[in-house]
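**Student:** Let me give you the structure first, and then I'll get to my questions.
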Amino acid sequence: MKLYITAGSPYARIARIVILEKRLQSRIEIIPAQTRLADSPYYRINPSGRVPYLIRDDGVGMEESTLICAYLDHIDGAPAFDVPAGEQAWELRRLEALARSMMDGLAVWSREIARPENERSPTILRHEAGRSERMADLWEKEIDHPAMRGALNLAQITLACALGLDARNPDFRWRAGHPKLSDWFGQMAARASFAATAPAA
Ligand SMILES: N[C@@H](CCC(=O)N[C@@H](CS)C(=O)NCC(=O)O)C(=O)O
């Protein structure tokens with residue numbers, strides 16, 4: 001299989017972490033893609049131009065980090081990241097959705113910063129900075145939820161990948177005033193799969 005990524009994509013990072021946690025490295029070739037470039041050859045592979053993108057062994061390509069992670073998690077017949085049945089499922093799914101919501105805002109923010117300075121929208125920059133502050137406040141409380149402290153799951157992976165975006169966005173300063181979240185992140189960042197996929201500053 002082939003997984004197309006960019007080094008800075010937090011969505012691709014989730015899939016890369018799942019690959020490492022599931023020890024699937026020998027089965028999947030990780031390929032850097034050239035996104036956001038007019039006429040990129042990558043558009044012939046994935047017309048949407050987005051990463052992550054998985055090409056399965058049967059040659060079929062799949063988008064969306066959640067779908068890709070679920071597929072990768074199941075290929076060994078021993079899924080580790082399925083949500084458990086019952087009430088617990090809703091809590092896990094709620095937390096994963098919250099983490100993804102934070103990541104989506106941060107991705108918009110990063111995209112804006114990547115534009116030439118004279119094309120950046122101060123309104124969008126302000127809006128996303130404000131959203132990230134509210135979300136960090138919220139997570140300072142939610143981080144004590146048992147699901148965020150127990151066995152590794154996609155809510156934890158998604159949140160850690162979202163918070164890790166501070167490496168690429170110096171204005172995303174979420175640590176101040178959030179000691180529990182900072183401590184939690186420090187533990188997650190020390191995991192081999194997180195350290196190996198950390199975005200460069
Ligand atoms: N919902 C998608 C989001 C993927 C996404 O937005 N990827 C960004 C990188 S972080 C991308 O490929 N952007 C290139 C573009 O929009 O052309 C997922 O979860 O996989």
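In the structure tokens, the first chain shown is A, the next is B, and so on; residue numbers restart at 1 for each chain, and ligands run from 1 in the order shown.
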Pick out the residues no farther than 7 Å from ligand 1, counting only C-alpha atoms and all ligand atoms, and list them as JSON, numbers by chain.
**Tutor:** {"A": [9, 10, 11, 12, 35, 36, 48, 49, 50, 51, 52, 63, 64, 65, 66, 107]}
**Student:** For the residues in the current selection, export N, CA, C and O atoms as an mmCIF file, in the first residue's frame.
**Tutor:**
data_model
loop_
_atom_site.group_PDB
_atom_site.id
_atom_site.type_symbol
_atom_site.label_atom_id
_atom_site.label_comp_id
_atom_site.auth_asym_id
_atom_site.auth_seq_id
_atom_site.Cartn_x
_atom_site.Cartn_y
_atom_site.Cartn_z
ATOM 1 N N SER A 9 1.054 17.940 7.573
ATOM 2 C CA SER A 9 -0.396 17.729 7.683
ATOM 3 C C SER A 9 -0.751 16.974 8.967
ATOM 4 O O SER A 9 -0.317 15.831 9.168
ATOM 5 N N PRO A 10 -1.574 17.578 9.829
ATOM 6 C CA PRO A 10 -1.956 16.875 11.055
ATOM 7 C C PRO A 10 -2.872 15.688 10.771
ATOM 8 O O PRO A 10 -2.870 14.707 11.509
ATOM 9 N N TYR A 11 -3.641 15.772 9.674
ATOM 10 C CA TYR A 11 -4.533 14.662 9.315
ATOM 11 C C TYR A 11 -3.701 13.458 8.859
ATOM 12 O O TYR A 11 -3.963 12.318 9.235
ATOM 13 N N ALA A 12 -2.676 13.754 8.053
ATOM 14 C CA ALA A 12 -1.788 12.671 7.613
ATOM 15 C C ALA A 12 -1.022 12.104 8.809
ATOM 16 O O ALA A 12 -0.743 10.905 8.877
ATOM 17 N N THR A 35 1.237 19.232 -2.480
ATOM 18 C CA THR A 35 -0.124 19.773 -2.463
ATOM 19 C C THR A 35 -0.081 21.281 -2.716
ATOM 20 O O THR A 35 0.973 21.901 -2.636
ATOM 21 N N ARG A 36 -1.239 21.843 -3.021
ATOM 22 C CA ARG A 36 -1.379 23.300 -3.176
ATOM 23 C C ARG A 36 -0.406 23.892 -4.188
ATOM 24 O O ARG A 36 0.207 24.926 -3.944
ATOM 25 N N SER A 48 -8.486 15.286 -5.787
ATOM 26 C CA SER A 48 -8.862 16.307 -4.792
ATOM 27 C C SER A 48 -7.627 17.080 -4.324
ATOM 28 O O SER A 48 -7.741 18.183 -3.801
ATOM 29 N N GLY A 49 -6.453 16.463 -4.468
ATOM 30 C CA GLY A 49 -5.204 17.129 -4.080
ATOM 31 C C GLY A 49 -4.922 17.088 -2.589
ATOM 32 O O GLY A 49 -3.947 17.668 -2.119
ATOM 33 N N ARG A 50 -5.793 16.401 -1.833
ATOM 34 C CA ARG A 50 -5.608 16.395 -0.376
ATOM 35 C C ARG A 50 -4.805 15.180 0.091
ATOM 36 O O ARG A 50 -4.767 14.147 -0.574
ATOM 37 N N VAL A 51 -4.225 15.346 1.275
ATOM 38 C CA VAL A 51 -3.600 14.231 1.989
ATOM 39 C C VAL A 51 -4.273 14.136 3.355
ATOM 40 O O VAL A 51 -4.791 15.155 3.844
ATOM 41 N N PRO A 52 -4.300 12.976 3.984
ATOM 42 C CA PRO A 52 -3.705 11.726 3.545
ATOM 43 C C PRO A 52 -4.556 11.057 2.460
ATOM 44 O O PRO A 52 -5.761 11.278 2.367
ATOM 45 N N GLU A 63 -9.624 8.551 0.528
ATOM 46 C CA GLU A 63 -9.386 9.811 1.232
ATOM 47 C C GLU A 63 -9.940 9.743 2.638
ATOM 48 O O GLU A 63 -10.642 8.802 2.981
ATOM 49 N N GLU A 64 -9.685 10.775 3.398
ATOM 50 C CA GLU A 64 -10.242 11.011 4.738
ATOM 51 C C GLU A 64 -9.508 10.211 5.805
ATOM 52 O O GLU A 64 -9.535 8.979 5.815
ATOM 53 N N SER A 65 -8.889 10.938 6.721
ATOM 54 C CA SER A 65 -8.071 10.279 7.742
ATOM 55 C C SER A 65 -8.868 9.281 8.583
ATOM 56 O O SER A 65 -8.345 8.215 8.921
ATOM 57 N N THR A 66 -10.133 9.583 8.881
ATOM 58 C CA THR A 66 -10.885 8.639 9.734
ATOM 59 C C THR A 66 -11.103 7.316 9.002
ATOM 60 O O THR A 66 -10.955 6.245 9.590
ATOM 61 N N ALA A 107 -6.222 24.015 11.179
ATOM 62 C CA ALA A 107 -5.799 23.799 9.788
ATOM 63 C C ALA A 107 -6.149 25.023 8.945
ATOM 64 O O ALA A 107 -5.356 25.456 8.097
#
**Student:** Fewer than 3 positions away in the same chain doesn't count, so skip those; otherwise give me all residues within 10 Å of Cys69 of chain A, counting only C-alpha atoms, as a list in words.
**Tutor:**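 Using only C-alpha atoms, the neighbours found are Ala12, Ile14, Ala15, Arg16, Ile17, Val18, Ile19, Leu54, Glu64, Ser65, Thr66, Leu72, Asp73, His74, Phe81 and Leu154 of chain A.
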**Student:** Give me, as an NGL selection string, all polymer residues having an atom no more than 10 Å from Trp139 of chain A, counting only C-alpha atoms and skipping those fewer than 4 positions away in the same chain.
**Tutor:** :A and (95 or 98-99 or 102 or 133-135 or 143-145 or 159 or 178 or 180-181)
**Student:** When distances are computed from only C-alpha atoms, which of A:Leu67, A:Ile45, A:Ala136, A:Ile30 shows the smallest separation from Phe172 of chain A?
**Tutor:**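 Nearest to Phe172 of chain A: A:Ala136.
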